[in-house]
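**Student:** Got query.tsv for you, TSV, N, CA and C atoms and all ligand atoms:
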```tsv
chain	number	residue	atom	x	y	z
A	19	MET	N	41.32	-62.96	39.15
A	19	MET	CA	41.03	-61.59	39.61
A	19	MET	C	40.37	-60.77	38.50
A	20	GLU	N	41.03	-60.78	37.35
A	20	GLU	CA	40.47	-60.05	36.20
A	20	GLU	C	39.14	-60.66	35.78
A	21	MET	N	39.10	-61.98	35.84
A	21	MET	CA	37.90	-62.72	35.44
A	21	MET	C	36.71	-62.38	36.34
A	22	ARG	N	37.01	-62.28	37.64
A	22	ARG	CA	35.94	-61.99	38.59
A	22	ARG	C	35.34	-60.60	38.35
A	23	ARG	N	36.24	-59.65	38.03
A	23	ARG	CA	35.76	-58.29	37.78
A	23	ARG	C	34.88	-58.26	36.51
A	24	LEU	N	35.29	-59.03	35.54
A	24	LEU	CA	34.53	-59.11	34.30
A	24	LEU	C	33.13	-59.68	34.56
A	25	MET	N	33.10	-60.74	35.38
A	25	MET	CA	31.82	-61.37	35.70
A	25	MET	C	30.87	-60.37	36.37
A	26	ARG	N	31.48	-59.58	37.28
A	26	ARG	CA	30.65	-58.63	38.03
A	26	ARG	C	30.07	-57.57	37.07
A	27	LEU	N	30.91	-57.15	36.11
A	27	LEU	CA	30.44	-56.18	35.12
A	27	LEU	C	29.28	-56.73	34.30
A	28	VAL	N	29.42	-58.00	33.92
A	28	VAL	CA	28.36	-58.64	33.11
A	28	VAL	C	27.07	-58.70	33.91
A	29	LEU	N	27.19	-59.10	35.18
A	29	LEU	CA	26.00	-59.22	36.03
A	29	LEU	C	25.33	-57.86	36.22
A	30	GLU	N	26.16	-56.84	36.42
A	30	GLU	CA	25.59	-55.50	36.62
A	30	GLU	C	24.87	-55.00	35.38
A	31	SER	N	25.48	-55.28	34.24
A	31	SER	CA	24.85	-54.80	33.02
A	31	SER	C	23.53	-55.53	32.78
A	32	GLN	N	23.49	-56.82	33.18
A	32	GLN	CA	22.23	-57.56	33.03
A	32	GLN	C	21.14	-56.98	33.91
A	33	ARG	N	21.55	-56.67	35.17
A	33	ARG	CA	20.56	-56.13	36.10
A	33	ARG	C	20.08	-54.77	35.60
A	34	PHE	N	21.01	-54.02	35.04
A	34	PHE	CA	20.63	-52.70	34.53
A	34	PHE	C	19.59	-52.81	33.42
A	35	SER	N	19.86	-53.73	32.50
A	35	SER	CA	18.93	-53.85	31.38
A	35	SER	C	17.59	-54.38	31.85
A	36	MET	N	17.59	-55.22	32.91
A	36	MET	CA	16.32	-55.69	33.45
A	36	MET	C	15.52	-54.54	34.04
A	37	ASN	N	16.22	-53.66	34.77
A	37	ASN	CA	15.51	-52.51	35.35
A	37	ASN	C	14.94	-51.61	34.27
A	38	GLU	N	15.72	-51.45	33.21
A	38	GLU	CA	15.23	-50.65	32.09
A	38	GLU	C	13.90	-51.20	31.59
A	39	GLY	N	13.86	-52.52	31.45
A	39	GLY	CA	12.65	-53.16	30.93
A	39	GLY	C	11.49	-53.06	31.89
A	40	ASN	N	11.79	-52.97	33.19
A	40	ASN	CA	10.71	-52.96	34.17
A	40	ASN	C	10.12	-51.58	34.41
A	41	ARG	N	10.72	-50.57	33.79
A	41	ARG	CA	10.22	-49.22	34.05
A	41	ARG	C	8.73	-49.16	33.68
A	42	MET	N	8.39	-49.76	32.55
A	42	MET	CA	6.99	-49.92	32.22
A	42	MET	C	6.77	-51.43	32.14
A	43	SER	N	5.74	-51.94	32.76
A	43	SER	CA	5.56	-53.39	32.76
A	43	SER	C	5.35	-53.88	31.33
A	44	ARG	N	5.77	-55.10	31.13
A	44	ARG	CA	5.68	-55.67	29.79
A	44	ARG	C	4.23	-55.68	29.31
A	45	ARG	N	3.32	-55.96	30.22
A	45	ARG	CA	1.91	-56.05	29.82
A	45	ARG	C	1.39	-54.72	29.32
A	46	SER	N	1.68	-53.63	30.04
A	46	SER	CA	1.12	-52.34	29.64
A	46	SER	C	1.78	-51.84	28.37
A	47	ARG	N	3.07	-52.18	28.21
A	47	ARG	CA	3.75	-51.76	26.97
A	47	ARG	C	3.13	-52.49	25.78
A	48	ASN	N	2.90	-53.80	25.94
A	48	ASN	CA	2.31	-54.56	24.85
A	48	ASN	C	0.90	-54.07	24.53
A	49	ARG	N	0.19	-53.68	25.56
A	49	ARG	CA	-1.16	-53.21	25.37
A	49	ARG	C	-1.16	-51.92	24.55
A	50	ARG	N	-0.21	-51.03	24.89
A	50	ARG	CA	-0.17	-49.77	24.17
A	50	ARG	C	0.19	-49.98	22.70
A	51	VAL	N	1.14	-50.86	22.45
A	51	VAL	CA	1.52	-51.17	21.08
A	51	VAL	C	0.34	-51.77	20.32
A	52	ARG	N	-0.36	-52.68	20.99
A	52	ARG	CA	-1.51	-53.34	20.37
A	52	ARG	C	-2.59	-52.32	20.01
A	53	GLU	N	-2.86	-51.39	20.93
A	53	GLU	CA	-3.91	-50.41	20.67
A	53	GLU	C	-3.52	-49.46	19.54
A	54	GLN	N	-2.23	-49.11	19.49
A	54	GLN	CA	-1.77	-48.25	18.40
A	54	GLN	C	-1.93	-48.93	17.05
A	55	ARG	N	-1.56	-50.21	17.03
A	55	ARG	CA	-1.69	-50.96	15.77
A	55	ARG	C	-3.15	-51.09	15.36
A	56	ALA	N	-4.01	-51.37	16.33
A	56	ALA	CA	-5.44	-51.51	16.03
A	56	ALA	C	-5.99	-50.20	15.49
A	57	GLN	N	-5.57	-49.10	16.09
A	57	GLN	CA	-6.07	-47.80	15.66
A	57	GLN	C	-5.62	-47.47	14.25
A	58	SER	N	-4.36	-47.80	13.92
A	58	SER	CA	-3.90	-47.50	12.57
A	58	SER	C	-4.60	-48.39	11.55
A	59	SER	N	-4.94	-49.64	11.95
A	59	SER	CA	-5.71	-50.50	11.06
A	59	SER	C	-7.09	-49.92	10.81
A	60	VAL	N	-7.72	-49.41	11.87
A	60	VAL	CA	-9.05	-48.81	11.73
A	60	VAL	C	-8.99	-47.62	10.78
A	61	ASP	N	-7.96	-46.79	10.95
A	61	ASP	CA	-7.82	-45.62	10.08
A	61	ASP	C	-7.69	-46.03	8.61
A	62	GLU	N	-6.85	-47.04	8.38
A	62	GLU	CA	-6.60	-47.47	7.01
A	62	GLU	C	-7.86	-48.09	6.39
A	63	LEU	N	-8.55	-48.93	7.17
A	63	LEU	CA	-9.76	-49.58	6.67
A	63	LEU	C	-10.86	-48.55	6.40
A	64	THR	N	-10.88	-47.48	7.21
A	64	THR	CA	-11.88	-46.43	7.01
A	64	THR	C	-11.68	-45.74	5.66
A	65	THR	N	-10.42	-45.44	5.33
A	65	THR	CA	-10.17	-44.78	4.05
A	65	THR	C	-10.54	-45.70	2.89
A	66	ILE	N	-10.35	-47.03	3.08
A	66	ILE	CA	-10.73	-47.98	2.04
A	66	ILE	C	-12.25	-48.00	1.89
A	67	LEU	N	-12.94	-48.06	3.03
A	67	LEU	CA	-14.41	-48.12	3.01
A	67	LEU	C	-15.02	-46.91	2.34
A	68	LEU	N	-14.46	-45.73	2.59
A	68	LEU	CA	-15.06	-44.49	2.09
A	68	LEU	C	-14.51	-44.08	0.72
A	69	ASN	N	-13.61	-44.91	0.17
A	69	ASN	CA	-13.04	-44.60	-1.15
A	69	ASN	C	-13.97	-45.09	-2.26
A	70	HIS	N	-14.56	-44.15	-2.98
A	70	HIS	CA	-15.56	-44.50	-3.98
A	70	HIS	C	-14.97	-45.15	-5.22
A	71	ASN	N	-13.66	-45.10	-5.36
A	71	ASN	CA	-13.04	-45.65	-6.56
A	71	ASN	C	-12.77	-47.15	-6.45
A	72	LEU	N	-12.84	-47.67	-5.23
A	72	LEU	CA	-12.54	-49.09	-5.05
A	72	LEU	C	-13.77	-49.95	-5.33
A	73	SER	N	-13.51	-51.22	-5.64
A	73	SER	CA	-14.61	-52.12	-5.96
A	73	SER	C	-15.42	-52.44	-4.71
A	74	ASN	N	-16.67	-52.83	-4.93
A	74	ASN	CA	-17.55	-53.14	-3.80
A	74	ASN	C	-17.03	-54.29	-2.98
A	75	ARG	N	-16.35	-55.21	-3.65
A	75	ARG	CA	-15.87	-56.39	-2.93
A	75	ARG	C	-14.82	-55.99	-1.89
A	76	VAL	N	-13.91	-55.10	-2.32
A	76	VAL	CA	-12.87	-54.63	-1.40
A	76	VAL	C	-13.48	-53.87	-0.24
A	77	ARG	N	-14.45	-53.05	-0.55
A	77	ARG	CA	-15.07	-52.23	0.50
A	77	ARG	C	-15.91	-53.09	1.45
A	78	THR	N	-16.50	-54.14	0.92
A	78	THR	CA	-17.26	-55.06	1.78
A	78	THR	C	-16.33	-55.72	2.79
A	79	ILE	N	-15.15	-56.13	2.31
A	79	ILE	CA	-14.17	-56.77	3.19
A	79	ILE	C	-13.67	-55.76	4.22
A	80	ALA	N	-13.46	-54.52	3.78
A	80	ALA	CA	-13.00	-53.48	4.71
A	80	ALA	C	-14.03	-53.24	5.81
A	81	ALA	N	-15.31	-53.23	5.44
A	81	ALA	CA	-16.37	-53.03	6.44
A	81	ALA	C	-16.38	-54.16	7.45
A	82	ARG	N	-16.26	-55.38	6.95
A	82	ARG	CA	-16.27	-56.54	7.84
A	82	ARG	C	-15.07	-56.50	8.80
A	83	ASP	N	-13.90	-56.18	8.25
A	83	ASP	CA	-12.70	-56.13	9.09
A	83	ASP	C	-12.74	-54.99	10.10
A	84	LEU	N	-13.37	-53.87	9.70
A	84	LEU	CA	-13.52	-52.75	10.63
A	84	LEU	C	-14.30	-53.17	11.86
A	85	VAL	N	-15.45	-53.80	11.62
A	85	VAL	CA	-16.30	-54.23	12.73
A	85	VAL	C	-15.56	-55.26	13.58
A	86	ARG	N	-14.87	-56.15	12.90
A	86	ARG	CA	-14.14	-57.21	13.60
A	86	ARG	C	-13.01	-56.64	14.47
A	87	THR	N	-12.24	-55.71	13.89
A	87	THR	CA	-11.11	-55.12	14.62
A	87	THR	C	-11.60	-54.31	15.81
A	88	ALA	N	-12.65	-53.52	15.59
A	88	ALA	CA	-13.17	-52.69	16.68
A	88	ALA	C	-13.69	-53.56	17.82
A	89	ARG	N	-14.33	-54.66	17.47
A	89	ARG	CA	-14.89	-55.54	18.49
A	89	ARG	C	-13.78	-56.24	19.27
A	90	ARG	N	-12.78	-56.69	18.56
A	90	ARG	CA	-11.70	-57.43	19.21
A	90	ARG	C	-10.91	-56.56	20.17
A	91	HIS	N	-10.68	-55.29	19.77
A	91	HIS	CA	-9.83	-54.42	20.58
A	91	HIS	C	-10.63	-53.41	21.39
A	92	ASN	N	-11.95	-53.58	21.40
A	92	ASN	CA	-12.82	-52.72	22.20
A	92	ASN	C	-12.65	-51.24	21.81
A	93	LEU	N	-12.61	-50.98	20.52
A	93	LEU	CA	-12.52	-49.61	20.03
A	93	LEU	C	-13.89	-49.15	19.55
A	94	ARG	N	-14.13	-47.87	19.65
A	94	ARG	CA	-15.38	-47.32	19.15
A	94	ARG	C	-15.15	-46.73	17.77
A	95	LEU	N	-15.94	-47.18	16.81
A	95	LEU	CA	-15.79	-46.66	15.45
A	95	LEU	C	-16.43	-45.28	15.36
A	96	PRO	N	-15.82	-44.38	14.59
A	96	PRO	CA	-16.43	-43.05	14.44
A	96	PRO	C	-17.80	-43.15	13.75
A	97	ASP	N	-18.68	-42.19	14.06
A	97	ASP	CA	-20.03	-42.21	13.49
A	97	ASP	C	-20.02	-42.26	11.98
A	98	SER	N	-19.05	-41.56	11.37
A	98	SER	CA	-18.99	-41.50	9.91
A	98	SER	C	-18.81	-42.88	9.31
A	99	VAL	N	-18.27	-43.82	10.09
A	99	VAL	CA	-18.08	-45.18	9.61
A	99	VAL	C	-19.27	-46.05	9.99
A	100	ARG	N	-19.68	-45.95	11.26
A	100	ARG	CA	-20.74	-46.83	11.76
A	100	ARG	C	-22.04	-46.67	10.98
A	101	HIS	N	-22.34	-45.44	10.56
A	101	HIS	CA	-23.60	-45.21	9.87
A	101	HIS	C	-23.66	-45.87	8.51
A	102	TRP	N	-22.52	-46.23	7.96
A	102	TRP	CA	-22.51	-46.80	6.62
A	102	TRP	C	-22.26	-48.30	6.62
A	103	ILE	N	-22.32	-48.90	7.80
A	103	ILE	CA	-22.16	-50.35	7.87
A	103	ILE	C	-23.43	-50.94	8.49
A	104	CYS	N	-23.96	-51.99	7.84
A	104	CYS	CA	-25.16	-52.64	8.37
A	104	CYS	C	-24.84	-53.27	9.72
A	105	ARG	N	-25.72	-53.02	10.68
A	105	ARG	CA	-25.49	-53.53	12.03
A	105	ARG	C	-25.67	-55.04	12.10
A	106	SER	N	-26.49	-55.55	11.20
A	106	SER	CA	-26.80	-56.96	11.35
A	106	SER	C	-25.94	-57.86	10.47
A	107	CYS	N	-25.50	-57.38	9.30
A	107	CYS	CA	-24.69	-58.27	8.45
A	107	CYS	C	-23.37	-57.64	8.01
A	108	GLN	N	-23.04	-56.43	8.48
A	108	GLN	CA	-21.78	-55.77	8.19
A	108	GLN	C	-21.57	-55.41	6.72
A	109	ASN	N	-22.66	-55.45	5.96
A	109	ASN	CA	-22.57	-55.02	4.57
A	109	ASN	C	-22.39	-53.51	4.54
A	110	PRO	N	-21.45	-52.99	3.71
A	110	PRO	CA	-21.37	-51.53	3.64
A	110	PRO	C	-22.61	-50.97	2.96
A	111	MET	N	-23.32	-50.10	3.64
A	111	MET	CA	-24.57	-49.58	3.10
A	111	MET	C	-24.29	-48.33	2.29
A	112	LEU	N	-23.78	-48.55	1.10
A	112	LEU	CA	-23.41	-47.44	0.23
A	112	LEU	C	-24.64	-47.00	-0.54
A	113	PRO	N	-24.90	-45.70	-0.56
A	113	PRO	CA	-26.10	-45.21	-1.23
A	113	PRO	C	-26.18	-45.70	-2.67
A	114	GLY	N	-27.29	-46.34	-3.03
A	114	GLY	CA	-27.51	-46.79	-4.39
A	114	GLY	C	-26.89	-48.13	-4.72
A	115	VAL	N	-25.99	-48.63	-3.88
A	115	VAL	CA	-25.34	-49.90	-4.17
A	115	VAL	C	-25.71	-50.96	-3.12
A	116	GLY	N	-25.34	-50.71	-1.89
A	116	GLY	CA	-25.60	-51.69	-0.84
A	116	GLY	C	-26.79	-51.35	0.02
A	117	ALA	N	-27.48	-50.28	-0.33
A	117	ALA	CA	-28.59	-49.87	0.53
A	117	ALA	C	-29.57	-48.99	-0.23
A	118	ARG	N	-30.80	-48.97	0.27
A	118	ARG	CA	-31.79	-48.05	-0.28
A	118	ARG	C	-32.00	-46.98	0.79
A	119	ILE	N	-31.88	-45.73	0.40
A	119	ILE	CA	-32.00	-44.65	1.37
A	119	ILE	C	-33.17	-43.75	0.99
A	120	ARG	N	-34.07	-43.58	1.96
A	120	ARG	CA	-35.22	-42.71	1.75
A	120	ARG	C	-35.32	-41.74	2.92
A	121	ILE	N	-35.80	-40.54	2.60
A	121	ILE	CA	-36.07	-39.59	3.68
A	121	ILE	C	-37.57	-39.64	3.96
A	122	ARG	N	-37.93	-39.90	5.21
A	122	ARG	CA	-39.35	-40.03	5.55
A	122	ARG	C	-39.61	-39.42	6.92
A	123	ARG	N	-40.46	-38.41	6.94
A	123	ARG	CA	-40.86	-37.75	8.19
A	123	ARG	C	-39.66	-37.37	9.07
A	124	GLY	N	-38.68	-36.74	8.45
A	124	GLY	CA	-37.54	-36.26	9.23
A	124	GLY	C	-36.54	-37.33	9.60
A	125	PHE	N	-36.71	-38.53	9.07
A	125	PHE	CA	-35.76	-39.59	9.34
A	125	PHE	C	-35.12	-40.06	8.05
A	126	ARG	N	-33.86	-40.41	8.14
A	126	ARG	CA	-33.22	-41.09	7.02
A	126	ARG	C	-33.40	-42.58	7.26
A	127	VAL	N	-34.16	-43.21	6.38
A	127	VAL	CA	-34.43	-44.64	6.54
A	127	VAL	C	-33.50	-45.40	5.61
A	128	THR	N	-32.58	-46.14	6.17
A	128	THR	CA	-31.62	-46.89	5.38
A	128	THR	C	-31.96	-48.37	5.44
A	129	THR	N	-32.19	-48.96	4.27
A	129	THR	CA	-32.51	-50.38	4.21
A	129	THR	C	-31.34	-51.13	3.59
A	130	CYS	N	-30.82	-52.09	4.31
A	130	CYS	CA	-29.70	-52.88	3.80
A	130	CYS	C	-30.15	-53.74	2.62
A	131	ALA	N	-29.38	-53.72	1.53
A	131	ALA	CA	-29.76	-54.47	0.33
A	131	ALA	C	-29.48	-55.96	0.48
A	132	VAL	N	-28.68	-56.33	1.44
A	132	VAL	CA	-28.31	-57.74	1.59
A	132	VAL	C	-29.29	-58.46	2.52
A	133	CYS	N	-29.52	-57.91	3.71
A	133	CYS	CA	-30.36	-58.62	4.68
A	133	CYS	C	-31.67	-57.91	4.97
A	134	GLY	N	-31.87	-56.70	4.43
A	134	GLY	CA	-33.14	-56.01	4.63
A	134	GLY	C	-33.27	-55.31	5.97
A	135	HIS	N	-32.18	-55.25	6.71
A	135	HIS	CA	-32.20	-54.57	8.01
A	135	HIS	C	-32.48	-53.09	7.80
A	136	ILE	N	-33.38	-52.53	8.61
A	136	ILE	CA	-33.77	-51.12	8.47
A	136	ILE	C	-33.20	-50.31	9.62
A	137	ARG	N	-32.65	-49.16	9.27
A	137	ARG	CA	-32.07	-48.28	10.28
A	137	ARG	C	-32.64	-46.90	10.07
A	138	ARG	N	-33.11	-46.30	11.15
A	138	ARG	CA	-33.69	-44.96	11.04
A	138	ARG	C	-32.84	-43.97	11.82
A	139	LEU	N	-32.45	-42.90	11.15
A	139	LEU	CA	-31.65	-41.86	11.80
A	139	LEU	C	-32.31	-40.51	11.54
A	140	PRO	N	-32.40	-39.68	12.56
A	140	PRO	CA	-32.94	-38.34	12.33
A	140	PRO	C	-32.07	-37.57	11.34
A	141	VAL	N	-32.70	-36.86	10.42
A	141	VAL	CA	-31.95	-36.19	9.35
A	141	VAL	C	-31.24	-34.96	9.87
A	142	SER	N	-31.92	-34.20	10.72
A	142	SER	CA	-31.43	-32.88	11.09
A	142	SER	C	-30.11	-32.91	11.84
A	143	ARG	N	-29.94	-33.89	12.74
A	143	ARG	CA	-28.83	-33.80	13.68
A	143	ARG	C	-27.56	-34.47	13.16
A	144	GLY	N	-26.52	-33.64	12.98
A	144	GLY	CA	-25.19	-34.17	12.75
A	144	GLY	C	-24.95	-34.84	11.41
A	145	GLU	N	-25.95	-34.91	10.55
A	145	GLU	CA	-25.74	-35.63	9.30
A	145	GLU	C	-24.88	-34.85	8.33
A	146	GLY	N	-25.03	-33.52	8.36
A	146	GLY	CA	-24.31	-32.68	7.40
A	146	GLY	C	-22.81	-32.84	7.49
A	147	LYS	N	-22.30	-32.98	8.70
A	147	LYS	CA	-20.85	-33.00	8.86
A	147	LYS	C	-20.24	-34.37	8.59
A	148	ASN	N	-21.12	-35.39	8.58
A	148	ASN	CA	-20.59	-36.75	8.39
A	148	ASN	C	-20.34	-37.08	6.93
A	149	GLU	N	-21.11	-36.50	6.07
A	149	GLU	CA	-20.94	-36.89	4.66
A	149	GLU	C	-20.94	-35.67	3.78
B	1	ZN	ZN	-27.50	-56.08	6.31
```
Would you kindly transcribe this structure into C-alpha cells?

**Tutor:**
Amino acid sequence: MEMRRLMRLVLESQRFSMNEGNRMSRRSRNRRVREQRAQSSVDELTTILLNHNLSNRVRTIAARDLVRTARRHNLRLPDSVRHWICRSCQNPMLPGVGARIRIRRGFRVTTCAVCGHIRRLPVSRGEGKNE
C-alpha cells in the first residue's frame, strides 16, 4: 500500500519534470543558447580584431574566426568589422599593415596586402562613425 503510493508519487514527479522541459521545445532552446554563444564569440573576436596592441598574428586569427563563426551561425557582422576584413582571403586589412588605403575620387580604395583584392567604398557615407 505504502509502496504503491510512493510509486505514484515518483511517476507524477517524472511527468511533471517532463512537462517542464516541454514548455519550450528542446530544439528551440538549444538554438537560442547556440545563437547567444555565437554572438558573444563575435563580440569577443571583434574586440581582439580592433585592439591595436595585439600582434598581427592574433588579429589575423580573430578575423578568420569571425568570418567563420558568422558564416556557420548565419550572423551578420557589423560594418565596423566587415570593412576591415578582406572579402577574398579574410586577412585583416589594417591600415599600413595588412592593406594599402588610398582616397581616390571620393572613394576609399583598400587593397589587400596578402591577395591584392581591391575594395572601393564611398568616403562620405558612414565612414566617420565606423572608425
Ligand atoms: Zn586578401

**Student:** Give the residues close to ligand ZN 1 (chain B), within 7 Å, counting only N, CA and C atoms and all ligand atoms; write them as number ranges by chain.

**Tutor:** A: 103-109, 129-135

**Student:** Any idea what's packed within 9 Å of range 43-58 of chain A, counting only C-alpha atoms, ignoring anything in its chain fewer than 5 positions away? Could you give it as a PDB file with N, CA and C atoms, in the coordinates of the input?

**Tutor:**
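So selection_5.pdb came out as:
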```pdb
ATOM      1  N   LEU A  63      -8.550 -48.930   7.170  1.00  0.00           N
ATOM      2  CA  LEU A  63      -9.760 -49.580   6.670  1.00  0.00           C
ATOM      3  C   LEU A  63     -10.860 -48.550   6.400  1.00  0.00           C
ATOM      4  N   THR A  87     -12.240 -55.710  13.890  1.00  0.00           N
ATOM      5  CA  THR A  87     -11.110 -55.120  14.620  1.00  0.00           C
ATOM      6  C   THR A  87     -11.600 -54.310  15.810  1.00  0.00           C
ATOM      7  N   ALA A  88     -12.650 -53.520  15.590  1.00  0.00           N
ATOM      8  CA  ALA A  88     -13.170 -52.690  16.680  1.00  0.00           C
ATOM      9  C   ALA A  88     -13.690 -53.560  17.820  1.00  0.00           C
ATOM     10  N   HIS A  91     -10.680 -55.290  19.770  1.00  0.00           N
ATOM     11  CA  HIS A  91      -9.830 -54.420  20.580  1.00  0.00           C
ATOM     12  C   HIS A  91     -10.630 -53.410  21.390  1.00  0.00           C
ATOM     13  N   LEU A  93     -12.610 -50.980  20.520  1.00  0.00           N
ATOM     14  CA  LEU A  93     -12.520 -49.610  20.030  1.00  0.00           C
ATOM     15  C   LEU A  93     -13.890 -49.150  19.550  1.00  0.00           C
TER      16      LEU A  93
END
```

**Student:** When you draw a straight line from CA of Leu84 in chain A to CA of Pro140 in chain A, how long is it in Å?

**Tutor:** 24.2 Å

**Student:** Could you write out, as a ChimeraX atom specification, all the residues of range 27-142 of chain A that DSSP marks as strand (DSSP E)?

**Tutor:** /A:117-122,125-130,136-140

**Student:** Considering all atoms listed in the file, can you say which of A:Ser73, A:Asp83, A:Gly116, A:Val99 comes closest to Ser59 in chain A?

**Tutor:**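 Counting all atoms listed in the file, the residue closest to Ser59 in chain A is A:Asp83.
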
**Student:** Can you work out the spacing between CA of Ser98 in chain A and CA of Pro113 in chain A in Å, to one decimal?

**Tutor:**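 Calculated distance between CA of Ser98 in chain A and CA of Pro113 in chain A is 13.7 Å.
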
**Student:** Report, in Å to a single decimal, how far apart CA of Leu95 in chain A and CA of Gly114 in chain A are.

**Tutor:**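 That distance, rounded to one decimal, is 23.0 Å.
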
**Student:** From a DSSP calculation on the backbone, collect every residue of range 34-117 of chain A in helix (DSSP H, G or I) and output the set as an NGL selection string.

**Tutor:** :A and (34-40 or 44-67 or 74-91 or 97-100)

**Student:** Check the smallest atom-to-atom distance from each of A:Met111, A:Ala80, A:Arg126, A:Met42 to Ile66 in chain A using only C-alpha atoms, then report the winner.

**Tutor:**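 Going through A:Met111, A:Ala80, A:Arg126, A:Met42 one by one, the smallest distance to Ile66 in chain A is for A:Ala80.
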